[in-house]
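File shown: run.cif (mmCIF, C-alpha atoms).
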```cif
data_protein
#
loop_
_atom_site.label_atom_id
_atom_site.label_comp_id
_atom_site.auth_asym_id
_atom_site.auth_seq_id
_atom_site.Cartn_x
_atom_site.Cartn_y
_atom_site.Cartn_z
CA MET G 1 -19.17 17.41 -16.94
CA ASN G 2 -18.84 15.47 -20.18
CA GLU G 3 -15.26 14.75 -19.38
CA GLN G 4 -13.37 11.80 -20.68
CA PRO G 5 -13.20 8.96 -18.15
CA VAL G 6 -9.84 8.43 -16.50
CA ILE G 7 -10.03 4.71 -17.15
CA ARG G 8 -12.04 3.05 -19.85
CA THR G 9 -11.95 -0.51 -21.09
CA GLN G 10 -13.88 -2.26 -23.81
CA GLY G 11 -14.06 -6.03 -24.02
CA LEU G 12 -10.83 -6.27 -22.08
CA THR G 13 -9.94 -9.95 -21.81
CA ARG G 14 -6.97 -11.90 -20.56
CA TYR G 15 -6.50 -15.64 -20.68
CA PHE G 16 -3.92 -17.64 -18.78
CA GLY G 17 -3.80 -20.84 -20.81
CA ALA G 18 -7.37 -21.87 -21.52
CA LYS G 19 -8.69 -20.08 -18.47
CA PRO G 20 -9.96 -16.51 -18.68
CA ALA G 21 -8.70 -14.39 -15.75
CA VAL G 22 -10.66 -11.37 -16.96
CA TYR G 23 -13.43 -11.72 -19.49
CA ASP G 24 -14.94 -9.04 -21.68
CA LEU G 25 -14.53 -6.22 -19.18
CA ASN G 26 -16.21 -2.87 -19.84
CA LEU G 27 -15.22 -0.36 -17.22
CA GLU G 28 -15.54 3.39 -16.94
CA VAL G 29 -13.97 5.39 -14.15
CA PRO G 30 -14.98 9.08 -14.07
CA ARG G 31 -12.40 11.70 -13.18
CA GLY G 32 -12.26 12.88 -9.60
CA CYS G 33 -14.11 9.98 -8.02
CA VAL G 34 -13.24 7.31 -5.51
CA PHE G 35 -13.80 4.04 -7.30
CA ALA G 36 -13.92 0.70 -5.48
CA PHE G 37 -13.06 -2.41 -7.42
CA LEU G 38 -14.46 -5.46 -5.67
CA GLY G 39 -14.34 -9.16 -6.08
CA ARG G 40 -13.30 -12.28 -4.27
CA ASN G 41 -9.75 -13.59 -4.35
CA GLY G 42 -8.85 -14.83 -7.81
CA SER G 43 -11.69 -12.97 -9.50
CA GLY G 44 -9.29 -11.06 -11.75
CA LYS G 45 -8.78 -7.73 -9.97
CA THR G 46 -5.00 -7.69 -9.97
CA THR G 47 -4.89 -8.99 -13.54
CA THR G 48 -7.14 -6.10 -14.56
CA ILE G 49 -4.99 -3.57 -12.74
CA ARG G 50 -1.81 -4.95 -14.31
CA MET G 51 -3.37 -4.68 -17.75
CA LEU G 52 -4.53 -1.12 -17.09
CA LEU G 53 -1.00 -0.10 -16.16
CA GLY G 54 0.53 -1.73 -19.20
CA LEU G 55 2.29 -4.39 -17.13
CA LEU G 56 0.41 -7.25 -18.77
CA GLN G 57 -0.77 -7.51 -22.36
CA PRO G 58 -4.49 -8.17 -22.83
CA THR G 59 -5.41 -11.23 -24.87
CA ARG G 60 -7.97 -9.04 -26.60
CA GLY G 61 -10.00 -5.92 -26.05
CA GLU G 62 -9.03 -2.34 -25.50
CA GLY G 63 -8.37 0.08 -22.72
CA SER G 64 -7.22 3.58 -22.06
CA ILE G 65 -5.87 5.28 -18.97
CA LEU G 66 -5.53 9.08 -18.73
CA GLY G 67 -6.40 9.13 -22.41
CA HIS G 68 -3.55 6.81 -23.47
CA ASP G 69 -3.83 3.34 -24.96
CA ILE G 70 -2.84 0.86 -22.25
CA ARG G 71 -0.76 -1.09 -24.77
CA SER G 72 1.56 1.86 -25.31
CA LEU G 73 1.69 3.98 -22.16
CA PRO G 74 4.30 6.73 -22.47
CA PRO G 75 6.53 7.40 -19.41
CA GLU G 76 4.97 10.85 -19.13
CA ALA G 77 1.58 9.23 -18.47
CA ARG G 78 3.04 6.67 -16.07
CA ALA G 79 4.53 9.47 -14.00
CA ARG G 80 1.01 10.81 -13.42
CA ILE G 81 -0.17 7.48 -12.02
CA GLY G 82 0.58 6.28 -8.51
CA TYR G 83 0.47 2.51 -8.18
CA LEU G 84 0.46 0.74 -4.84
CA THR G 85 1.01 -2.98 -5.31
CA GLU G 86 -0.38 -5.72 -3.13
CA GLU G 87 3.07 -6.90 -2.15
CA HIS G 88 4.54 -3.60 -0.87
CA GLN G 89 7.86 -4.31 -2.53
CA LEU G 90 10.70 -2.49 -0.81
CA TYR G 91 14.44 -2.92 -0.34
CA ASP G 92 14.85 -4.43 3.10
CA TRP G 93 18.30 -2.98 3.72
CA MET G 94 17.20 0.65 3.24
CA ARG G 95 16.07 3.01 5.92
CA VAL G 96 12.69 4.69 5.63
CA LYS G 97 14.09 8.06 4.58
CA GLU G 98 16.44 6.40 2.10
CA CYS G 99 13.47 4.82 0.39
CA GLY G 100 12.09 8.32 -0.12
CA GLY G 101 15.41 9.66 -1.39
CA PHE G 102 15.74 6.74 -3.78
CA GLN G 103 12.20 6.91 -5.11
CA SER G 104 12.31 10.68 -5.55
CA GLN G 105 15.07 10.31 -8.17
CA PHE G 106 12.59 8.70 -10.55
CA TYR G 107 10.08 11.54 -10.47
CA PRO G 108 10.47 15.05 -11.84
CA ARG G 109 7.89 16.11 -9.28
CA TRP G 110 8.41 14.91 -5.74
CA ASN G 111 6.78 16.47 -2.70
CA GLU G 112 8.93 15.64 0.31
CA LYS G 113 6.39 17.26 2.61
CA ILE G 114 3.74 14.75 1.54
CA PHE G 115 6.16 11.86 1.97
CA ARG G 116 7.05 12.97 5.52
CA GLY G 117 3.40 13.69 6.29
CA VAL G 118 2.25 10.21 5.31
CA ILE G 119 5.02 8.32 7.11
CA GLY G 120 4.41 10.54 10.12
CA HIS G 121 0.73 9.71 9.97
CA PHE G 122 1.65 6.02 10.12
CA ASN G 123 4.08 6.73 12.99
CA LEU G 124 7.17 5.66 11.08
CA LYS G 125 10.66 6.72 12.16
CA PRO G 126 12.66 8.01 9.18
CA THR G 127 15.71 6.11 10.46
CA ALA G 128 13.95 2.74 10.84
CA ARG G 129 15.16 -0.13 8.68
CA VAL G 130 12.64 -1.50 6.20
CA LYS G 131 13.34 -5.08 7.32
CA ASP G 132 12.15 -4.18 10.84
CA LEU G 133 8.80 -2.73 9.74
CA SER G 134 5.44 -4.39 10.39
CA ARG G 135 3.03 -5.02 7.56
CA GLY G 136 1.06 -1.89 8.46
CA GLU G 137 4.23 0.21 8.57
CA ARG G 138 5.34 -1.12 5.21
CA ALA G 139 1.94 -0.18 3.84
CA GLY G 140 2.34 3.34 5.22
CA LEU G 141 5.81 3.68 3.72
CA CYS G 142 4.60 2.45 0.33
CA LEU G 143 1.67 4.80 0.47
CA GLY G 144 4.03 7.70 1.18
CA LEU G 145 6.21 6.69 -1.75
CA THR G 146 3.16 6.46 -3.98
CA LEU G 147 1.65 9.79 -2.92
CA ALA G 148 4.74 12.00 -2.83
CA PRO G 149 4.87 12.49 -6.62
CA GLU G 150 1.30 13.86 -6.35
CA PRO G 151 -0.22 11.52 -8.93
CA GLU G 152 -3.53 12.54 -10.46
CA LEU G 153 -4.60 8.91 -10.64
CA LEU G 154 -4.03 6.55 -7.75
CA VAL G 155 -4.32 2.83 -8.29
CA LEU G 156 -4.25 0.96 -5.00
CA ASP G 157 -4.27 -2.83 -5.19
CA ASP G 158 -5.93 -4.08 -2.01
CA PRO G 159 -4.36 -1.42 0.20
CA ALA G 160 -6.20 -2.60 3.31
CA MET G 161 -4.99 -6.18 3.16
CA GLY G 162 -3.33 -7.34 6.35
CA LEU G 163 -3.44 -3.98 8.11
CA ASP G 164 -4.01 -3.76 11.84
CA PRO G 165 -6.91 -1.52 12.91
CA VAL G 166 -4.71 1.51 13.60
CA ALA G 167 -2.87 1.36 10.27
CA HIS G 168 -6.18 0.65 8.58
CA ARG G 169 -7.72 3.78 10.05
CA SER G 170 -4.67 5.78 8.93
CA LEU G 171 -5.16 4.43 5.42
CA MET G 172 -8.83 5.43 5.38
CA GLU G 173 -7.98 8.90 6.69
CA SER G 174 -5.36 9.28 3.99
CA MET G 175 -7.89 8.33 1.34
CA VAL G 176 -10.41 10.88 2.58
CA TYR G 177 -7.66 13.48 2.81
CA LEU G 178 -6.69 12.75 -0.79
CA THR G 179 -10.09 13.81 -2.05
CA ARG G 180 -9.11 17.39 -1.17
CA ARG G 181 -7.77 17.66 -4.67
CA SER G 182 -10.99 17.42 -6.61
CA ASP G 183 -9.45 16.32 -9.91
CA ARG G 184 -7.69 13.37 -8.34
CA THR G 185 -9.09 9.91 -9.02
CA ILE G 186 -8.64 7.01 -6.63
CA PHE G 187 -9.13 3.50 -7.95
CA PHE G 188 -8.75 0.85 -5.27
CA SER G 189 -9.48 -2.83 -5.00
CA SER G 190 -10.84 -4.21 -1.77
CA HIS G 191 -12.71 -6.89 0.10
CA GLN G 192 -13.83 -4.57 2.84
CA LEU G 193 -17.40 -3.44 2.38
CA ALA G 194 -17.04 -1.15 5.36
CA ASP G 195 -14.29 0.75 3.55
CA VAL G 196 -16.34 0.89 0.41
CA GLU G 197 -19.28 2.29 2.33
CA ARG G 198 -17.08 4.97 3.88
CA VAL G 199 -15.14 6.24 0.91
CA ALA G 200 -16.42 5.00 -2.45
CA ASP G 201 -18.45 7.01 -4.93
CA TYR G 202 -18.54 4.20 -7.48
CA ILE G 203 -18.25 0.46 -7.32
CA ALA G 204 -17.50 -2.29 -9.78
CA ILE G 205 -17.67 -5.96 -8.96
CA LEU G 206 -15.81 -8.73 -10.68
CA ASP G 207 -17.26 -12.15 -10.08
CA ARG G 208 -15.32 -15.09 -11.48
CA SER G 209 -13.63 -12.95 -14.14
CA VAL G 210 -16.87 -11.27 -15.24
CA LEU G 211 -18.01 -7.76 -14.41
CA ARG G 212 -21.28 -7.87 -12.50
CA MET G 213 -21.77 -4.25 -11.60
CA CYS G 214 -20.37 -0.83 -12.39
CA CYS G 215 -22.37 2.07 -10.99
CA SER G 216 -22.47 4.58 -8.16
CA LEU G 217 -22.80 3.23 -4.65
CA GLU G 218 -26.09 5.04 -4.29
CA THR G 219 -27.48 3.56 -7.48
CA PHE G 220 -26.59 0.14 -6.19
CA ARG G 221 -28.23 0.68 -2.82
CA ASN G 222 -31.36 2.02 -4.47
CA SER G 223 -31.52 -0.78 -6.99
CA VAL G 224 -31.39 -3.73 -4.63
CA GLN G 225 -34.40 -3.67 -2.33
CA GLN G 226 -36.03 -6.05 0.02
CA VAL G 227 -39.77 -6.11 0.44
CA ARG G 228 -41.72 -7.95 3.11
CA LEU G 229 -45.20 -9.22 2.36
CA ARG G 230 -47.48 -10.38 5.12
CA PHE G 231 -50.36 -12.77 4.61
CA PRO G 232 -53.15 -13.87 6.95
CA GLY G 233 -52.43 -17.51 6.07
CA PRO G 234 -49.63 -19.33 4.29
CA PRO G 235 -48.09 -17.19 1.52
CA PRO G 236 -49.19 -18.04 -2.04
CA PRO G 237 -46.78 -19.68 -4.47
CA LEU G 238 -44.51 -17.19 -6.18
CA PRO G 239 -45.14 -16.28 -9.78
CA ASP G 240 -42.35 -14.92 -11.97
CA ILE G 241 -41.27 -11.69 -10.28
CA PRO G 242 -39.09 -9.47 -12.47
CA GLY G 243 -35.66 -8.92 -10.95
CA LEU G 244 -36.09 -11.40 -8.11
CA LEU G 245 -32.76 -12.20 -6.46
CA GLN G 246 -33.79 -14.07 -3.35
CA ALA G 247 -36.98 -15.28 -1.79
CA PHE G 248 -37.36 -16.20 1.85
CA ARG G 249 -40.55 -17.85 2.98
CA ALA G 250 -41.81 -17.95 6.54
CA GLU G 251 -45.16 -18.47 8.22
CA GLY G 252 -47.50 -15.80 6.91
CA GLU G 253 -44.60 -13.90 5.42
CA LEU G 254 -42.60 -13.57 2.23
CA ARG G 255 -39.35 -11.68 2.06
CA LEU G 256 -38.17 -10.94 -1.43
CA THR G 257 -34.99 -9.25 -2.52
CA CYS G 258 -35.23 -7.72 -5.96
CA VAL G 259 -33.00 -5.78 -8.28
CA HIS G 260 -34.39 -2.90 -10.34
CA TYR G 261 -37.30 -2.67 -7.94
CA GLY G 262 -39.88 -0.42 -9.54
CA ALA G 263 -43.48 -0.10 -10.66
CA THR G 264 -43.46 -3.43 -12.56
CA THR G 265 -42.17 -5.37 -9.60
CA GLU G 266 -44.57 -3.65 -7.25
CA LYS G 267 -47.53 -4.47 -9.48
CA ALA G 268 -46.55 -8.13 -9.63
CA LEU G 269 -46.31 -8.21 -5.84
CA ARG G 270 -49.60 -6.41 -5.23
CA ALA G 271 -51.25 -9.07 -7.40
CA LEU G 272 -50.43 -11.57 -4.65
CA ALA G 273 -52.87 -9.62 -2.48
CA PRO G 274 -50.73 -9.35 0.67
CA ALA G 275 -52.36 -7.99 3.84
CA GLN G 276 -49.37 -5.76 4.27
CA MET G 277 -46.38 -4.87 2.18
CA GLU G 278 -43.36 -2.90 3.27
CA MET G 279 -39.84 -2.16 2.18
CA VAL G 280 -37.12 -3.45 4.47
CA PRO G 281 -33.87 -1.49 4.34
CA LEU G 282 -30.81 -3.61 3.58
CA SER G 283 -27.26 -3.20 4.73
CA LEU G 284 -24.70 -2.86 1.99
CA GLU G 285 -23.39 -6.31 2.83
CA ASP G 286 -26.81 -7.96 2.63
CA ALA G 287 -27.48 -6.23 -0.67
CA PHE G 288 -24.16 -7.45 -2.03
CA ILE G 289 -24.66 -10.99 -0.95
CA SER G 290 -28.16 -11.11 -2.39
CA TYR G 291 -26.95 -9.58 -5.60
CA LEU G 292 -24.09 -11.99 -6.03
CA GLY G 293 -26.01 -15.00 -4.75
CA GLU G 294 -26.99 -18.08 -6.68
CA ARG G 295 -30.18 -16.82 -8.17
CA GLY G 296 -28.80 -13.60 -9.58
CA GLU G 297 -25.85 -15.36 -11.12
CA LYS G 298 -24.87 -13.60 -14.31
CA SER G 299 -28.46 -12.71 -15.09
CA PHE G 300 -28.19 -9.06 -14.13
CA ILE G 301 -25.60 -6.43 -14.70
CA LEU G 302 -26.12 -3.16 -12.93
CA SER G 303 -24.78 -0.12 -14.66
CA GLU G 304 -25.50 3.56 -14.31
CA THR G 305 -27.54 3.71 -17.52
CA GLU G 306 -29.92 0.82 -16.98
CA ALA G 307 -30.28 1.14 -13.23
CA GLN G 308 -33.44 3.20 -13.33
CA PRO G 309 -36.50 1.21 -14.31
CA MET W 1 -21.56 22.33 21.20
CA SER W 2 -22.74 19.19 22.99
CA PHE W 3 -23.77 17.78 19.67
CA ASN W 4 -21.71 15.04 18.11
CA ILE W 5 -22.36 13.04 14.96
CA THR W 6 -21.21 9.44 14.85
CA ILE W 7 -21.65 6.96 12.04
CA SER W 8 -21.32 3.22 11.64
CA THR W 9 -20.79 1.07 8.61
CA GLY W 10 -22.64 -2.17 8.01
CA LEU W 11 -26.02 -0.81 9.08
CA ASN W 12 -29.14 -1.00 6.98
CA MET W 13 -29.09 2.77 6.84
CA PRO W 14 -26.77 4.62 4.46
CA ILE W 15 -24.24 6.96 6.06
CA TYR W 16 -25.83 10.12 4.65
CA LYS W 17 -29.11 9.10 6.26
CA GLN W 18 -27.41 8.48 9.60
CA ILE W 19 -26.11 12.03 9.44
CA THR W 20 -29.44 13.65 8.52
CA ASP W 21 -31.30 11.65 11.17
CA GLN W 22 -28.88 12.69 13.88
CA VAL W 23 -29.08 16.36 12.96
CA TRP W 24 -32.88 16.18 12.97
CA LEU W 25 -32.93 14.33 16.27
CA ALA W 26 -30.55 16.85 17.83
CA PHE W 27 -32.83 19.63 16.63
CA VAL W 28 -36.12 18.19 17.83
CA THR W 29 -34.64 17.26 21.22
CA GLY W 30 -33.21 20.74 21.67
CA LYS W 31 -29.51 19.87 21.42
CA LEU W 32 -29.30 22.06 18.35
CA ALA W 33 -31.13 25.37 18.10
CA VAL W 34 -31.75 27.79 15.29
CA GLY W 35 -28.55 29.70 14.63
CA ASP W 36 -26.20 26.91 15.74
CA GLN W 37 -23.39 26.16 13.36
CA LEU W 38 -22.59 22.77 11.86
CA PRO W 39 -19.11 21.69 10.79
CA THR W 40 -18.23 22.23 7.14
CA VAL W 41 -18.56 19.33 4.72
CA ARG W 42 -14.79 18.89 4.60
CA THR W 43 -14.36 19.01 8.38
CA LEU W 44 -17.16 16.56 9.08
CA ALA W 45 -15.98 14.21 6.32
CA GLU W 46 -12.45 14.10 7.72
CA ASP W 47 -13.77 13.79 11.25
CA LEU W 48 -16.04 10.86 10.40
CA VAL W 49 -13.58 9.43 7.85
CA VAL W 50 -16.15 9.30 5.09
CA ASN W 51 -16.29 10.52 1.52
CA PRO W 52 -17.04 14.28 1.47
CA ASN W 53 -19.69 13.64 -1.18
CA THR W 54 -21.61 11.62 1.41
CA VAL W 55 -21.64 14.54 3.83
CA ALA W 56 -22.50 16.93 1.02
CA ARG W 57 -25.42 14.66 0.14
CA ALA W 58 -26.65 14.72 3.75
CA TYR W 59 -26.36 18.50 3.93
CA ALA W 60 -28.16 18.88 0.62
CA ASP W 61 -31.08 16.86 2.01
CA LEU W 62 -31.15 18.93 5.20
CA MET W 63 -31.08 22.09 3.14
CA ARG W 64 -33.88 20.86 0.91
CA ASP W 65 -35.94 20.07 4.00
CA GLY W 66 -35.31 23.53 5.36
CA LEU W 67 -33.39 22.58 8.50
CA ILE W 68 -30.04 24.11 7.59
CA GLU W 69 -28.79 26.86 5.38
CA SER W 70 -25.41 27.67 4.00
CA ARG W 71 -24.22 31.24 4.43
CA ALA W 72 -21.56 32.17 1.94
CA GLY W 73 -18.12 32.23 3.51
CA ARG W 74 -19.44 31.62 7.00
CA GLY W 75 -20.56 28.03 7.11
CA VAL W 76 -23.64 25.94 7.65
CA PHE W 77 -26.27 26.92 10.19
CA ILE W 78 -29.47 25.54 11.65
CA THR W 79 -32.46 27.44 10.42
CA ARG W 80 -36.16 26.81 10.34
CA LYS W 81 -37.68 29.40 8.19
CA ARG W 82 -40.07 27.78 5.85
CA LYS W 83 -42.44 24.92 5.58
CA VAL W 84 -40.94 22.72 2.96
CA PHE W 85 -43.58 20.12 2.42
CA THR W 86 -47.10 20.74 1.32
CA ARG W 87 -49.66 19.10 3.56
CA GLU W 88 -50.25 16.33 1.01
CA GLU W 89 -46.55 15.65 0.62
CA GLY W 90 -46.19 15.59 4.38
CA TRP W 91 -48.95 12.98 4.69
CA ARG W 92 -47.48 10.98 1.87
CA ARG W 93 -44.22 10.75 3.78
CA LEU W 94 -45.77 10.21 7.18
CA GLU W 95 -48.27 7.50 6.36
CA PRO W 96 -45.86 4.66 5.56
CA LEU W 97 -44.03 5.39 8.81
CA ILE W 98 -47.24 5.11 10.82
CA ASP W 99 -48.24 1.97 8.93
CA ALA W 100 -44.88 0.37 9.63
CA ALA W 101 -45.07 1.17 13.35
CA ILE W 102 -48.62 -0.14 13.66
CA GLY W 103 -47.78 -3.23 11.62
CA GLU W 104 -44.85 -4.06 13.89
CA ALA W 105 -46.97 -3.46 16.97
CA MET W 106 -49.73 -5.76 15.72
CA THR W 107 -47.35 -8.64 15.13
CA MET W 108 -46.21 -8.21 18.73
CA ASP W 109 -49.85 -8.40 19.91
CA PHE W 110 -50.19 -4.88 21.26
CA THR W 111 -53.78 -3.69 21.57
CA HIS W 112 -55.15 -0.54 19.95
CA GLN W 113 -55.58 0.97 23.38
CA GLU W 114 -51.96 0.30 24.37
CA LEU W 115 -50.81 1.88 21.14
CA ARG W 116 -52.94 4.98 21.64
CA GLU W 117 -51.57 5.42 25.14
CA ALA W 118 -47.98 4.92 23.99
CA PHE W 119 -48.49 7.48 21.27
CA GLU W 120 -49.91 10.04 23.69
CA LYS W 121 -47.07 9.44 26.11
CA LYS W 122 -44.49 9.96 23.37
CA LEU W 123 -46.17 13.13 22.21
CA GLY W 124 -45.96 14.41 25.77
CA GLN W 125 -42.23 13.81 25.82
CA TRP W 126 -41.81 15.86 22.66
CA LYS W 127 -43.96 18.69 23.96
CA HIS W 128 -41.19 21.27 24.07
CA VAL W 129 -40.69 20.98 20.34
CA LYS W 130 -42.98 23.35 18.60
CA GLY W 131 -45.47 21.68 16.29
CA GLY W 132 -45.74 22.65 12.66
CA ASN W 133 -47.89 25.73 13.26
#
```

Could you render the structure from this file as structure tokens?
Amino acid sequence: MNEQPVIRTQGLTRYFGAKPAVYDLNLEVPRGCVFAFLGRNGSGKTTTIRMLLGLLQPTRGEGSILGHDIRSLPPEARARIGYLTEEHQLYDWMRVKECGGFQSQFYPRWNEKIFRGVIGHFNLKPTARVKDLSRGERAGLCLGLTLAPEPELLVLDDPAMGLDPVAHRSLMESMVYLTRRSDRTIFFSSHQLADVERVADYIAILDRSVLRMCCSLETFRNSVQQVRLRFPGPPPPLPDIPGLLQAFRAEGELRLTCVHYGATTEKALRALAPAQMEMVPLSLEDAFISYLGERGEKSFILSETEAQP
Amino acid sequence: MSFNITISTGLNMPIYKQITDQVWLAFVTGKLAVGDQLPTVRTLAEDLVVNPNTVARAYADLMRDGLIESRAGRGVFITRKRKVFTREEGWRRLEPLIDAAIGEAMTMDFTHQELREAFEKKLGQWKHVKGGN
């Protein structure tokens, strides 16, 4: 299993003027996983993706994709990568099937069956004009065009953006279906935690150009925990609790959200002598918001190696 | 099979846990019996639209806890052949659950007597499920 990661960056940085769009990014994407790349608008996701694909030169730092330096990606490597852009760029005057015919000319390997399967899944008529398609239909068409060459690495830039619920479900189904090939890696950016919860093995979060987390979804869920302490009277003042992200104080009760919750944290909490102490399960969204909240700002970075206390 | 797994996102319970809980519940309420077949990892993943690794994780837990077994080339089946937890381990897992239930009940001002009665009543409802002997 000591395989080379499909994507790896070290100190990857890109400035636009004096402003860093991506700062000192260290990313590792294992082969065969579904990797979710999260962050708010303007946090640097698309800039990162464009650098990874050799479409934008880094200001400094390094990166490799499928074993090739991102500064000098050979066409052979590009042909093994499927890239779905945010904009779904298409020629409006073409018909759906013409888009397929056109695109297929650029790839030595083109699986027409996959193309037809995907556009069928999105209920697209092969004779429809691109200019008449809805946003969801355009997304389906672009996905078909991206998948037909059977890329081993899929890079999807916010594929769920602007999709209606039906098209969105089709997208999710396609992503699950794609995992049938176990050596295929899917790297997608998203805002949708529900999607991440459904399909992602790994997550990375960019927050204002800086990487805040890069680990498996399960590691993340296990690392951010909420604990509820009950007291007979008013809760005591809080000492320094290692890994504290958020504290919520109510009558006779303290609710603390901590990262790297482990024996050290537990000992510190027991010292407060609560009448009762219990773990409260968190939803993925609550865990995210706590983790990225004010208090945790830039003070923790979760990664696979340091996640276990 | 009248047994159907459904999952939701956004809950405070991970998807793999939703799956294991539902299989256990179906078993203890008699909807699933020993010998019944479960869908394969791939089928269930595509049906629920979730990552197959999540389903595999759930199945691995169920297998570890002795509720299902995988028969080569045939699929996944409900079984109940061995006691998986030692008594001590069983208590270790059970105690926090009891504590949590009692704690909740106390904050809602239930009396000890009410709790005892509720517990008895519940046990009665689960009578048809064979205890751990």

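The chain W residues that come within 9 Å of chain G are W:Ser8, W:Thr9, W:Gly10, W:Leu11, W:Asn12, W:Met13, W:Pro14, W:Ile15, W:Arg42, W:Ala45, W:Glu46, W:Asp47, W:Leu48, W:Val49, W:Val50, W:Asn51, W:Pro52, W:Asn53, W:Thr54, W:Pro96, W:Asp99, W:Ala100, W:Gly103, with all atoms listed in the file taken into account.
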
Within 9 Å of W:Val23, counting only C-alpha atoms, which residues show up once you throw out same-chain ones fewer than 2 positions away? Write them as a CSV table (one decimal) with C-alpha atoms, in the coordinates of the input, please.
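Written out: out_3.csv:
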```csv
chain,number,residue,atom,x,y,z
W,3,PHE,CA,-23.8,17.8,19.7
W,5,ILE,CA,-22.4,13.0,15.0
W,18,GLN,CA,-27.4,8.5,9.6
W,19,ILE,CA,-26.1,12.0,9.4
W,20,THR,CA,-29.4,13.6,8.5
W,21,ASP,CA,-31.3,11.6,11.2
W,25,LEU,CA,-32.9,14.3,16.3
W,26,ALA,CA,-30.6,16.8,17.8
W,27,PHE,CA,-32.8,19.6,16.6
W,28,VAL,CA,-36.1,18.2,17.8
W,32,LEU,CA,-29.3,22.1,18.4
W,62,LEU,CA,-31.2,18.9,5.2
W,67,LEU,CA,-33.4,22.6,8.5
```

Q: I would like the residues chosen by the PyMOL selection byres ((chain W and resi 34) around 10) on the shown file; could you give them as an MDAnalysis selection string?
A: chainID W and resid 27 30 32:33 35:37 67:68 77:81

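Our summary of the geometry notes that atom CA of W:Gly75 is positioned 16.2 Å from atom CA of W:Asp61.
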
Q) If the PyMOL selection byres ((chain W and resi 41) around 8) is run on the structure shown, which residues does it catch, given as a PyMOL selection string? A) chain W and resi 39-40+42-45+52+55-56+59

Q: Have a look at atom CA of G:Ala250 and atom CA of G:Asn222 and let me know their distance in Å, one decimal.
A: 25.1 Å

Q) Applied to this file, what does the PyMOL selection byres ((chain G and resi 107-124) around 8) return in terms of residues, put as a PyMOL selection string? A) chain G and resi 79+96+100+103-106+125-126+128+137+140-141+143-145+147-150+167+170+174

Q) Hey, can you check how far atom CA of G:Asp158 sits from atom CA of G:Ala18? A) 26.4 Å

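The list of residues with at least one atom within 12 Å of G:Asp207, based on only C-alpha atoms and without residues fewer than 3 positions apart in the same chain, reads Ala21, Val22, Tyr23, Leu25, Phe37, Leu38, Gly39, Arg40, Asn41, Gly42, Ser43, Gly44, Lys45, Ala204, Val210, Leu211, Arg212, Met213, Cys214, Phe288, Ile289, Tyr291, Leu292, Gly293, Glu294, Gly296, Glu297, Lys298 and Ile301 of chain G.
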
Q: List the neighbours of stretch 53-67 of chain G out to 10 Å using all atoms listed in the file; skip same-chain residues closer than 2 positions along the sequence, and give me the result as a PyMOL selection string.
A: chain G and resi 4-16+20+22-29+31+47-51+69-74+77-78+80-81+83+152-153+155

Q) Which residues, written as a list in words, have at least one atom at most 10 Å from G:Leu272, with all atoms listed in the file counted and residues fewer than 6 positions away on the same chain left out? A) Leu229, Phe231, Pro235, Pro236, Pro237, Leu238 and Pro239 of chain G

Q. Got a sec: who's within 8 Å of G:Leu84, counting all atoms listed in the file, leaving out chain neighbours fewer than 6 positions off, as a PyMOL selection string?
A. chain G and resi 142-143+146+154-157+159
